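Step one of this worksheet: look at the structure below.
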Amino acid sequence: MDYDVADLDLAPLGKQRVDWASRNMPVLASIRERFEKERPLEGKRIAACLHITTETANLLKTLKAGGAEVVACASNPLSTQDDVAATLVKDDEIATFAIKGENSEVYYKHMDSVLDTHPQITMDDGCDLVSRLHQQRPEQLKNMIAGTEETTTGVIRLRAMEADNALHYPIVAVNDANTKHLFDNRHGTGQSTLDGIIRATNILLAGKCVVVAGYGFCGKGVSNRARGMGAQVVVCEVDPLRALEAVMDGFRVEEMAEAAKEGDIFITVTGDRDVLRKEHFEVMKNGAILANSGHFDIEIDLKALAKMSISTKEVRPLVQEFEIPDSQGSHQVLVIAEGRLVNLAAAEGHPAAVMDMSFANQALGVEWLVKNAESLDNIVLGVPQDIDQEIARLKLETMNVSIDKLTESQIEYLSSWTVGT
Ligand code: ADE
């Protein structure tokens, strides 16, 4: 088996951590048990381009239990947990190509190694694999059955492909499932983003001014968690509806030009480029901390920051200080994890309990695609509602939460239009 990981000797630690994560992934475990019996993915070649974490390992093992031949590479150069990559190869015989800190050349080489296996199904996080397959290996597209996409940014790129008539096989947008974005994007990103910032800097959040750029589900989660830890939170938005939501959720909403002068910590979660740029760096407070939790490292204009700085140095692992000249002399701005996904680069990503639902959607989404792909158009599809509902039901069950049922008369009332007050 071909593979490329940092150090196979890390496998025992990786296995222990993967098992630990599995304790909080009971929905995925129940799917794995069924997959072992029914083998719904028998013989299917799946290429997974995901963050190589303990939670992802549990997903890949589930796909393998369902009969799939699985190969994996990283969906971000900094998010790989090297011990997990090692156990995937050594203990699970899953060909894995991922090394934490790999440069861009190796990142794409790893993706190519995965594509060399001629997959029939892609499981992507950010659409890099699908994009590369379509652009560089059109001859392989005829083999494709279907795919899934994990994240908001990836779904946006896929919709652009669909609009261009460039998409060659159906892809399920896992991100659009309620049991994904309402929990993973909000509670997962909310907690793990602050976790990454705290691990990297050990700062106290109470009393700090935290500026959150973007008030989608991720921004909502980050803002609420920061407020919960005693920070004063300022939200920046470009969408009037989201800005209004933020105002009525009790946050101060400002333009970045203003917020840039006030923030102690800046967190970007917009999915767009150059959210923090030259004119903002110029007016920031001395010691301002910048972190990105959007999928790509484009939200902080690091080129501009490097260009305007007189010096730069690493002041702590994963913390780079930039010295910017100003009318008083100079001020310093600190960037965490090279502006890459802070929750995965500086912490462990979302906790297993939310990834349980996200990855249950992945596993059941692939099973559904294998059954239905022939009748599907080459478009971006939602996770079927019954799957989404079933995951919510199962998750509640594993949490020992029971809910009410409608009575007969309530069902009748809801289906009637003749009964009034
Ligand atoms: N995305 C965010 N957190 C993650 C995790 N723990 N594993 C895989 N992908 C993730």
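In the structure tokens, each chain is lettered A, B, ... as it comes, each chain's residues begin at 1, and ligands are numbered from 1 in order of appearance.
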Which chain A residues have any atom within 9 Å of an atom of ligand 1, and for each, what is the nearest pair of atoms with distance in Å to one decimal, counting only C-alpha atoms and all ligand atoms, rows sorted by chain and number, as JSON lines?
```
{"residue": "A:Leu50", "atom": "CA", "partner": "ligand 1", "partner_atom_place_in_ligand_line": "9 (N)", "distance": 6.3}
{"residue": "A:His51", "atom": "CA", "partner": "ligand 1", "partner_atom_place_in_ligand_line": "8 (C)", "distance": 4.8}
{"residue": "A:Ile52", "atom": "CA", "partner": "ligand 1", "partner_atom_place_in_ligand_line": "8 (C)", "distance": 6.4}
{"residue": "A:Thr53", "atom": "CA", "partner": "ligand 1", "partner_atom_place_in_ligand_line": "7 (N)", "distance": 4.9}
{"residue": "A:Thr54", "atom": "CA", "partner": "ligand 1", "partner_atom_place_in_ligand_line": "7 (N)", "distance": 6.7}
{"residue": "A:Glu55", "atom": "CA", "partner": "ligand 1", "partner_atom_place_in_ligand_line": "7 (N)", "distance": 5.0}
{"residue": "A:Thr56", "atom": "CA", "partner": "ligand 1", "partner_atom_place_in_ligand_line": "8 (C)", "distance": 5.1}
{"residue": "A:Ala57", "atom": "CA", "partner": "ligand 1", "partner_atom_place_in_ligand_line": "7 (N)", "distance": 8.5}
{"residue": "A:Ser75", "atom": "CA", "partner": "ligand 1", "partner_atom_place_in_ligand_line": "9 (N)", "distance": 8.9}
{"residue": "A:Ser79", "atom": "CA", "partner": "ligand 1", "partner_atom_place_in_ligand_line": "9 (N)", "distance": 8.6}
{"residue": "A:Asp125", "atom": "CA", "partner": "ligand 1", "partner_atom_place_in_ligand_line": "9 (N)", "distance": 8.0}
{"residue": "A:Glu150", "atom": "CA", "partner": "ligand 1", "partner_atom_place_in_ligand_line": "9 (N)", "distance": 8.4}
{"residue": "A:Thr151", "atom": "CA", "partner": "ligand 1", "partner_atom_place_in_ligand_line": "1 (N)", "distance": 8.3}
{"residue": "A:Asp184", "atom": "CA", "partner": "ligand 1", "partner_atom_place_in_ligand_line": "2 (C)", "distance": 7.5}
{"residue": "A:Asn185", "atom": "CA", "partner": "ligand 1", "partner_atom_place_in_ligand_line": "2 (C)", "distance": 8.3}
{"residue": "A:Gly188", "atom": "CA", "partner": "ligand 1", "partner_atom_place_in_ligand_line": "3 (N)", "distance": 6.9}
{"residue": "A:Thr189", "atom": "CA", "partner": "ligand 1", "partner_atom_place_in_ligand_line": "2 (C)", "distance": 7.0}
{"residue": "A:Ser192", "atom": "CA", "partner": "ligand 1", "partner_atom_place_in_ligand_line": "3 (N)", "distance": 7.7}
{"residue": "A:Leu341", "atom": "CA", "partner": "ligand 1", "partner_atom_place_in_ligand_line": "2 (C)", "distance": 9.0}
{"residue": "A:Asn343", "atom": "CA", "partner": "ligand 1", "partner_atom_place_in_ligand_line": "3 (N)", "distance": 7.2}
{"residue": "A:Leu344", "atom": "CA", "partner": "ligand 1", "partner_atom_place_in_ligand_line": "3 (N)", "distance": 6.4}
{"residue": "A:Glu348", "atom": "CA", "partner": "ligand 1", "partner_atom_place_in_ligand_line": "6 (N)", "distance": 5.9}
{"residue": "A:Gly349", "atom": "CA", "partner": "ligand 1", "partner_atom_place_in_ligand_line": "3 (N)", "distance": 3.6}
{"residue": "A:His350", "atom": "CA", "partner": "ligand 1", "partner_atom_place_in_ligand_line": "3 (N)", "distance": 3.7}
{"residue": "A:Pro351", "atom": "CA", "partner": "ligand 1", "partner_atom_place_in_ligand_line": "6 (N)", "distance": 5.7}
{"residue": "A:Ala352", "atom": "CA", "partner": "ligand 1", "partner_atom_place_in_ligand_line": "6 (N)", "distance": 6.3}
{"residue": "A:Val354", "atom": "CA", "partner": "ligand 1", "partner_atom_place_in_ligand_line": "6 (N)", "distance": 8.5}
{"residue": "A:Met355", "atom": "CA", "partner": "ligand 1", "partner_atom_place_in_ligand_line": "5 (C)", "distance": 6.3}
{"residue": "A:Ser358", "atom": "CA", "partner": "ligand 1", "partner_atom_place_in_ligand_line": "9 (N)", "distance": 8.8}
{"residue": "A:Phe359", "atom": "CA", "partner": "ligand 1", "partner_atom_place_in_ligand_line": "8 (C)", "distance": 8.6}
```
Give me the residues within 8 Å of Met284 (chain A) as a ChimeraX atom specification, counting only C-alpha atoms and dropping any in the same chain fewer than 5 places off. /A:260-263,333
Dump all heavy atoms for the selected residues as a PDB file, in the first residue's frame?
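Output contents, as saved in selection.pdb:
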```
ATOM      1  N   ALA A 260     -11.440  48.170  13.558  1.00  0.00           N
ATOM      2  CA  ALA A 260      -9.994  47.909  13.488  1.00  0.00           C
ATOM      3  C   ALA A 260      -9.246  48.675  14.573  1.00  0.00           C
ATOM      4  O   ALA A 260      -8.223  48.208  15.071  1.00  0.00           O
ATOM      5  CB  ALA A 260      -9.465  48.286  12.108  1.00  0.00           C
ATOM      6  N   LYS A 261      -9.774  49.848  14.947  1.00  0.00           N
ATOM      7  CA  LYS A 261      -9.084  50.671  15.961  1.00  0.00           C
ATOM      8  C   LYS A 261      -9.338  50.147  17.371  1.00  0.00           C
ATOM      9  O   LYS A 261      -8.608  50.466  18.300  1.00  0.00           O
ATOM     10  CB  LYS A 261      -9.610  52.112  15.889  1.00  0.00           C
ATOM     11  CG  LYS A 261      -9.351  52.804  14.583  1.00  0.00           C
ATOM     12  CD  LYS A 261      -9.958  54.208  14.649  1.00  0.00           C
ATOM     13  CE  LYS A 261     -10.369  54.681  13.277  1.00  0.00           C
ATOM     14  NZ  LYS A 261     -11.395  55.718  13.302  1.00  0.00           N
ATOM     15  N   GLU A 262     -10.421  49.364  17.535  1.00  0.00           N
ATOM     16  CA  GLU A 262     -10.863  48.995  18.881  1.00  0.00           C
ATOM     17  C   GLU A 262     -10.485  47.587  19.315  1.00  0.00           C
ATOM     18  O   GLU A 262     -10.372  47.299  20.504  1.00  0.00           O
ATOM     19  CB  GLU A 262     -12.401  49.109  18.957  1.00  0.00           C
ATOM     20  CG  GLU A 262     -12.886  50.525  18.751  1.00  0.00           C
ATOM     21  CD  GLU A 262     -14.370  50.572  18.411  1.00  0.00           C
ATOM     22  OE1 GLU A 262     -15.072  49.551  18.619  1.00  0.00           O
ATOM     23  OE2 GLU A 262     -14.821  51.616  17.929  1.00  0.00           O
ATOM     24  N   GLY A 263     -10.295  46.705  18.329  1.00  0.00           N
ATOM     25  CA  GLY A 263     -10.173  45.282  18.665  1.00  0.00           C
ATOM     26  C   GLY A 263      -8.862  44.905  19.345  1.00  0.00           C
ATOM     27  O   GLY A 263      -7.802  45.436  19.021  1.00  0.00           O
ATOM     28  N   VAL A 333       1.521  43.684  15.351  1.00  0.00           N
ATOM     29  CA  VAL A 333       0.307  42.908  15.101  1.00  0.00           C
ATOM     30  C   VAL A 333       0.726  41.435  15.093  1.00  0.00           C
ATOM     31  O   VAL A 333       1.763  41.085  14.528  1.00  0.00           O
ATOM     32  CB  VAL A 333      -0.297  43.331  13.737  1.00  0.00           C
ATOM     33  CG1 VAL A 333      -1.285  42.323  13.235  1.00  0.00           C
ATOM     34  CG2 VAL A 333      -0.963  44.698  13.845  1.00  0.00           C
TER      35      VAL A 333
END
```
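The two atoms in question, CA of His280 (chain A) and CA of Cys218 (chain A), are spaced 22.2 Å apart.
Nearest-residue note for Leu318 (chain A): choosing from A:His181, A:Lys208, A:Val342, A:Ala259, the minimum distance belongs to A:Val342, counting only C-alpha atoms.
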Which neighbours of region 393-401 of chain A fall inside 8 Å, counting only C-alpha atoms, when residues of the same chain fewer than 5 positions from it are skipped, and could you give them as a short mmCIF file (atom, residue, chain, number, x, y, z; two decimals) with all heavy atoms, in the first residue's frame?
```cif
data_model
loop_
_atom_site.label_atom_id
_atom_site.label_comp_id
_atom_site.auth_asym_id
_atom_site.auth_seq_id
_atom_site.Cartn_x
_atom_site.Cartn_y
_atom_site.Cartn_z
N PRO A 26 -21.39 8.40 18.91
CA PRO A 26 -22.24 7.21 18.95
C PRO A 26 -23.13 7.05 17.72
O PRO A 26 -23.47 5.92 17.35
CB PRO A 26 -23.10 7.44 20.20
CG PRO A 26 -23.10 8.92 20.41
CD PRO A 26 -21.76 9.39 19.93
N VAL A 27 -23.50 8.15 17.08
CA VAL A 27 -24.37 8.02 15.89
C VAL A 27 -23.56 7.36 14.77
O VAL A 27 -24.02 6.41 14.12
CB VAL A 27 -24.91 9.40 15.45
CG1 VAL A 27 -25.73 9.27 14.18
CG2 VAL A 27 -25.76 10.03 16.56
N MET A 357 -22.36 14.16 14.10
CA MET A 357 -23.50 14.43 13.21
C MET A 357 -23.04 14.78 11.80
O MET A 357 -23.62 14.32 10.81
CB MET A 357 -24.34 15.56 13.79
CG MET A 357 -25.13 15.14 15.00
SD MET A 357 -26.24 16.43 15.54
CE MET A 357 -25.10 17.47 16.44
#
```
Work out how far apart CA of Leu381 (chain A) and CA of Asp297 (chain A) are and give it in Å to one decimal. 27.0 Å
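Proximity to Ala345 (chain A) was assessed for A:Asn292, A:Gln362, A:Gln389, A:Ser375 counting only C-alpha atoms; the smallest distance is recorded for A:Asn292.
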Top pick for closest residue to Glu367 (chain A), considering A:Lys307, A:Arg277, A:Arg17, A:Arg34 and counting only C-alpha atoms: A:Arg34
Please identify which residues in region 60-285 of chain A DSSP calls strand (DSSP E) from the backbone, and express them as a PyMOL selection string. chain A and resi 69-74+95-97+121-124+146-149+171-173+209-213+232-236+252-253+265-268
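Distances from A:Gly382, A:Gly14, A:Gly250, A:Gly196 to Asn175 (chain A) were compared using only C-alpha atoms, and the smallest one belongs to A:Gly382.
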Select from region 168-204 of chain A every residue with an atom at most 12 Å from any atom of region 128-144 of chain A, then for each give the shortest pair of atoms and their distance in Å to one decimal, using only C-alpha atoms, rows by chain and rising number, as JSON lines.
```
{"residue": "A:His168", "atom": "CA", "partner": "A:Leu141", "partner_atom": "CA", "distance": 6.7}
{"residue": "A:Tyr169", "atom": "CA", "partner": "A:Met144", "partner_atom": "CA", "distance": 6.6}
{"residue": "A:Pro170", "atom": "CA", "partner": "A:Met144", "partner_atom": "CA", "distance": 9.1}
{"residue": "A:Ile171", "atom": "CA", "partner": "A:Val130", "partner_atom": "CA", "distance": 9.8}
```
Write out, as an mmCIF file, in the first residue's frame, the residues just selected, with N, CA and C atoms.
```cif
data_model
loop_
_atom_site.group_PDB
_atom_site.id
_atom_site.type_symbol
_atom_site.label_atom_id
_atom_site.label_comp_id
_atom_site.auth_asym_id
_atom_site.auth_seq_id
_atom_site.Cartn_x
_atom_site.Cartn_y
_atom_site.Cartn_z
ATOM 1 N N HIS A 168 -19.354 17.477 -13.329
ATOM 2 C CA HIS A 168 -19.553 16.251 -14.110
ATOM 3 C C HIS A 168 -20.191 15.111 -13.353
ATOM 4 N N TYR A 169 -20.491 15.300 -12.093
ATOM 5 C CA TYR A 169 -21.207 14.245 -11.364
ATOM 6 C C TYR A 169 -21.951 14.871 -10.178
ATOM 7 N N PRO A 170 -22.977 14.175 -9.666
ATOM 8 C CA PRO A 170 -23.773 14.766 -8.586
ATOM 9 C C PRO A 170 -23.005 14.825 -7.265
ATOM 10 N N ILE A 171 -23.180 15.923 -6.546
ATOM 11 C CA ILE A 171 -22.488 16.062 -5.260
ATOM 12 C C ILE A 171 -23.474 16.500 -4.182
#
```
Taking into account only C-alpha atoms, which residue in the set A:Ile198, A:Ile31, A:Ala213, A:Val84 is nearest to Ala246 (chain A)? A:Ala213
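The shell of residues at most 7 Å from region 64-69 of chain A, with only C-alpha atoms counted and near chain neighbours (fewer than 2 positions) removed, consists of Arg32, Phe35, Glu36, Arg39, Pro40, Leu41, Glu42, Gly43, Lys44, Arg45, Ile46, Leu60, Lys61, Thr62 and Val71 of chain A.
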Those residues you just picked out, can you put them in a file as a compact mmCIF listing (two decimals), in the first residue's frame with all heavy atoms?
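Writing the result to out.txt gives the following:
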```
# COMPACT_ATOMS: atom_id res chain seq x y z
N ARG A 32 -21.75 2.53 11.63
CA ARG A 32 -20.66 1.58 11.34
C ARG A 32 -21.11 0.14 11.58
O ARG A 32 -20.84 -0.75 10.77
CB ARG A 32 -19.43 1.89 12.19
CG ARG A 32 -18.20 1.15 11.71
CD ARG A 32 -17.00 1.24 12.62
NE ARG A 32 -16.68 2.60 13.01
CZ ARG A 32 -15.69 2.92 13.84
NH1 ARG A 32 -14.93 1.99 14.35
NH2 ARG A 32 -15.46 4.16 14.17
N PHE A 35 -23.26 -0.82 8.75
CA PHE A 35 -22.45 -0.96 7.53
C PHE A 35 -21.69 -2.29 7.52
O PHE A 35 -21.53 -2.91 6.48
CB PHE A 35 -21.45 0.20 7.42
CG PHE A 35 -21.99 1.46 6.75
CD1 PHE A 35 -23.35 1.65 6.60
CD2 PHE A 35 -21.13 2.44 6.28
CE1 PHE A 35 -23.85 2.80 5.99
CE2 PHE A 35 -21.61 3.59 5.65
CZ PHE A 35 -22.97 3.77 5.52
N GLU A 36 -21.19 -2.70 8.72
CA GLU A 36 -20.44 -3.95 8.79
C GLU A 36 -21.30 -5.12 8.32
O GLU A 36 -20.85 -6.04 7.65
CB GLU A 36 -19.98 -4.21 10.23
CG GLU A 36 -18.60 -3.67 10.50
CD GLU A 36 -18.30 -3.49 11.98
OE1 GLU A 36 -19.09 -3.99 12.82
OE2 GLU A 36 -17.30 -2.83 12.28
N ARG A 39 -22.80 -3.87 4.27
CA ARG A 39 -21.76 -3.56 3.27
C ARG A 39 -22.32 -2.77 2.07
O ARG A 39 -22.15 -3.17 0.89
CB ARG A 39 -21.10 -4.86 2.79
CG ARG A 39 -20.59 -5.76 3.91
CD ARG A 39 -19.24 -5.42 4.38
NE ARG A 39 -18.21 -5.70 3.42
CZ ARG A 39 -16.91 -5.43 3.62
NH1 ARG A 39 -16.53 -4.90 4.77
NH2 ARG A 39 -16.03 -5.69 2.69
N PRO A 40 -22.96 -1.63 2.33
CA PRO A 40 -23.60 -0.88 1.22
C PRO A 40 -22.62 -0.22 0.27
O PRO A 40 -23.03 0.22 -0.81
CB PRO A 40 -24.43 0.18 1.96
CG PRO A 40 -23.72 0.38 3.26
CD PRO A 40 -23.15 -0.95 3.63
N LEU A 41 -21.33 -0.15 0.66
CA LEU A 41 -20.35 0.53 -0.21
C LEU A 41 -19.38 -0.47 -0.83
O LEU A 41 -18.31 -0.08 -1.30
CB LEU A 41 -19.58 1.58 0.61
CG LEU A 41 -20.42 2.55 1.45
CD1 LEU A 41 -19.52 3.50 2.25
CD2 LEU A 41 -21.36 3.37 0.56
N GLU A 42 -19.76 -1.73 -0.85
CA GLU A 42 -18.85 -2.80 -1.29
C GLU A 42 -18.12 -2.47 -2.59
O GLU A 42 -18.74 -2.17 -3.63
CB GLU A 42 -19.67 -4.09 -1.48
CG GLU A 42 -18.83 -5.35 -1.62
CD GLU A 42 -18.10 -5.71 -0.33
OE1 GLU A 42 -18.79 -5.95 0.68
OE2 GLU A 42 -16.86 -5.74 -0.34
N GLY A 43 -16.80 -2.46 -2.52
CA GLY A 43 -15.98 -2.30 -3.73
C GLY A 43 -15.89 -0.88 -4.27
O GLY A 43 -15.18 -0.65 -5.25
N LYS A 44 -16.58 0.05 -3.64
CA LYS A 44 -16.54 1.43 -4.18
C LYS A 44 -15.24 2.11 -3.76
O LYS A 44 -14.84 2.04 -2.59
CB LYS A 44 -17.75 2.24 -3.66
CG LYS A 44 -19.07 1.70 -4.12
CD LYS A 44 -19.27 1.92 -5.61
CE LYS A 44 -20.59 1.42 -6.13
NZ LYS A 44 -20.73 -0.05 -6.19
N ARG A 45 -14.60 2.79 -4.70
CA ARG A 45 -13.34 3.49 -4.39
C ARG A 45 -13.65 4.94 -4.01
O ARG A 45 -14.14 5.71 -4.82
CB ARG A 45 -12.40 3.45 -5.61
CG ARG A 45 -11.90 2.05 -5.93
CD ARG A 45 -10.80 2.10 -6.99
NE ARG A 45 -11.23 2.71 -8.23
CZ ARG A 45 -11.91 2.09 -9.19
NH1 ARG A 45 -12.25 0.81 -9.06
NH2 ARG A 45 -12.27 2.73 -10.29
N ILE A 46 -13.36 5.24 -2.74
CA ILE A 46 -13.67 6.59 -2.23
C ILE A 46 -12.37 7.34 -1.96
O ILE A 46 -11.48 6.83 -1.27
CB ILE A 46 -14.49 6.51 -0.91
CG1 ILE A 46 -15.81 5.78 -1.15
CG2 ILE A 46 -14.75 7.92 -0.36
CD1 ILE A 46 -16.72 5.69 0.07
N LEU A 60 -13.60 7.46 8.26
CA LEU A 60 -12.96 6.61 7.23
C LEU A 60 -13.11 5.13 7.59
O LEU A 60 -13.34 4.28 6.72
CB LEU A 60 -11.49 7.01 7.06
CG LEU A 60 -11.24 8.48 6.65
CD1 LEU A 60 -9.74 8.74 6.45
CD2 LEU A 60 -12.00 8.87 5.39
N LYS A 61 -13.00 4.84 8.89
CA LYS A 61 -13.17 3.45 9.33
C LYS A 61 -14.61 2.98 9.07
O LYS A 61 -14.85 1.81 8.74
CB LYS A 61 -12.83 3.33 10.82
CG LYS A 61 -11.33 3.45 11.07
CD LYS A 61 -10.98 3.69 12.51
CE LYS A 61 -11.21 2.47 13.37
NZ LYS A 61 -10.47 2.55 14.65
N THR A 62 -15.55 3.89 9.21
CA THR A 62 -16.96 3.54 8.95
C THR A 62 -17.17 3.23 7.46
O THR A 62 -17.85 2.26 7.11
CB THR A 62 -17.87 4.72 9.37
OG1 THR A 62 -17.64 4.98 10.75
CG2 THR A 62 -19.34 4.42 9.15
N VAL A 71 -9.07 5.94 0.30
CA VAL A 71 -7.76 6.61 0.34
C VAL A 71 -8.01 8.03 0.82
O VAL A 71 -9.09 8.59 0.61
CB VAL A 71 -7.04 6.67 -1.03
CG1 VAL A 71 -6.55 5.31 -1.46
CG2 VAL A 71 -7.94 7.27 -2.09
```
Quick check for you: according to DSSP on this backbone, which residues of region 70-247 of chain A are classed as alpha helix (DSSP H)? Reply as a VMD selection string. chain A and resid 82 to 90 104 to 115 128 to 136 152 to 163 178 to 180 189 to 201 217 to 228 240 to 247
When you look at Thr312 (chain A) with a cut-off of 12 Å (counting only C-alpha atoms), what residues show up, excluding the ones that are within fewer than 3 positions of it in the same chain? I need them as a PDB file with C-alpha atoms, in the first residue's frame.
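Result written to around-v2.pdb:
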```pdb
ATOM      1  CA  LEU A 302      -0.775  38.614   4.776  1.00  0.00           C
ATOM      2  CA  LEU A 305       1.008  42.873   6.141  1.00  0.00           C
ATOM      3  CA  ALA A 306       4.459  41.499   5.311  1.00  0.00           C
ATOM      4  CA  LYS A 307       5.088  44.317   2.839  1.00  0.00           C
ATOM      5  CA  MET A 308       4.249  47.127   5.274  1.00  0.00           C
ATOM      6  CA  SER A 309       6.205  45.560   8.189  1.00  0.00           C
ATOM      7  CA  VAL A 315       7.257  34.957  19.283  1.00  0.00           C
ATOM      8  CA  VAL A 319       2.351  33.136  16.622  1.00  0.00           C
ATOM      9  CA  GLN A 320       4.082  35.524  14.189  1.00  0.00           C
ATOM     10  CA  GLU A 321       4.682  39.133  15.177  1.00  0.00           C
ATOM     11  CA  PHE A 322       4.740  41.886  12.534  1.00  0.00           C
ATOM     12  CA  GLU A 323       6.224  45.302  13.352  1.00  0.00           C
ATOM     13  CA  ILE A 324       4.465  48.095  11.463  1.00  0.00           C
ATOM     14  CA  HIS A 331       3.123  48.974  16.536  1.00  0.00           C
ATOM     15  CA  GLN A 332       2.949  45.191  16.529  1.00  0.00           C
ATOM     16  CA  VAL A 333       0.307  42.908  15.101  1.00  0.00           C
ATOM     17  CA  LEU A 334       0.281  39.155  15.872  1.00  0.00           C
ATOM     18  CA  VAL A 335      -0.962  36.533  13.415  1.00  0.00           C
TER      19      VAL A 335
END
```
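Residue nearest Glu149 (chain A) within the list A:Ile391, A:Ala373, A:Ile310, A:Val383: A:Val383 [criterion: smallest interatomic distance, only C-alpha atoms].
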Any idea what's packed within 9 Å of Leu182 (chain A), counting only C-alpha atoms, ignoring anything in its chain fewer than 5 positions away? Could you give it as a short mmCIF file (atom, residue, chain, number, x, y, z; two decimals) with C-alpha atoms, in the first residue's frame?
```cif
data_model
loop_
_atom_site.label_atom_id
_atom_site.label_comp_id
_atom_site.auth_asym_id
_atom_site.auth_seq_id
_atom_site.Cartn_x
_atom_site.Cartn_y
_atom_site.Cartn_z
CA ALA A 177 -27.99 19.51 6.28
CA HIS A 187 -21.11 25.16 18.22
CA PHE A 217 -23.45 30.20 11.48
#
```
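Summary of the local environment: counting only C-alpha atoms, residues at most 9 Å from Asp326 (chain A), other than itself and those fewer than 4 positions away along its chain, are A:Glu282, A:Val283, A:Ser330, A:His331.
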Those same residues, written as a PDB file, in the first residue's frame with all heavy atoms?
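For reference, result-v3.pdb as written:
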```
ATOM      1  N   GLU A 282      -2.974  49.291   9.643  1.00  0.00           N
ATOM      2  CA  GLU A 282      -2.358  50.586   9.962  1.00  0.00           C
ATOM      3  C   GLU A 282      -2.895  51.174  11.266  1.00  0.00           C
ATOM      4  O   GLU A 282      -2.154  51.792  12.025  1.00  0.00           O
ATOM      5  CB  GLU A 282      -2.644  51.594   8.827  1.00  0.00           C
ATOM      6  CG  GLU A 282      -1.628  51.517   7.728  1.00  0.00           C
ATOM      7  CD  GLU A 282      -2.064  52.253   6.458  1.00  0.00           C
ATOM      8  OE1 GLU A 282      -3.215  52.774   6.399  1.00  0.00           O
ATOM      9  OE2 GLU A 282      -1.254  52.283   5.525  1.00  0.00           O
ATOM     10  N   VAL A 283      -4.199  50.952  11.534  1.00  0.00           N
ATOM     11  CA  VAL A 283      -4.817  51.641  12.691  1.00  0.00           C
ATOM     12  C   VAL A 283      -5.021  50.721  13.899  1.00  0.00           C
ATOM     13  O   VAL A 283      -5.584  51.138  14.909  1.00  0.00           O
ATOM     14  CB  VAL A 283      -6.167  52.274  12.291  1.00  0.00           C
ATOM     15  CG1 VAL A 283      -5.967  53.320  11.201  1.00  0.00           C
ATOM     16  CG2 VAL A 283      -7.167  51.205  11.829  1.00  0.00           C
ATOM     17  N   SER A 330       6.281  52.644  15.963  1.00  0.00           N
ATOM     18  CA  SER A 330       5.783  51.405  15.340  1.00  0.00           C
ATOM     19  C   SER A 330       4.774  50.730  16.273  1.00  0.00           C
ATOM     20  O   SER A 330       4.718  51.042  17.469  1.00  0.00           O
ATOM     21  CB  SER A 330       6.942  50.449  15.050  1.00  0.00           C
ATOM     22  OG  SER A 330       7.487  49.972  16.258  1.00  0.00           O
ATOM     23  N   HIS A 331       3.982  49.838  15.705  1.00  0.00           N
ATOM     24  CA  HIS A 331       3.123  48.974  16.536  1.00  0.00           C
ATOM     25  C   HIS A 331       3.189  47.546  15.998  1.00  0.00           C
ATOM     26  O   HIS A 331       3.546  47.325  14.839  1.00  0.00           O
ATOM     27  CB  HIS A 331       1.682  49.483  16.625  1.00  0.00           C
ATOM     28  CG  HIS A 331       0.950  49.523  15.321  1.00  0.00           C
ATOM     29  ND1 HIS A 331       1.122  50.526  14.380  1.00  0.00           N
ATOM     30  CD2 HIS A 331       0.033  48.670  14.784  1.00  0.00           C
ATOM     31  CE1 HIS A 331       0.345  50.291  13.334  1.00  0.00           C
ATOM     32  NE2 HIS A 331      -0.331  49.167  13.553  1.00  0.00           N
TER      33      HIS A 331
END
```
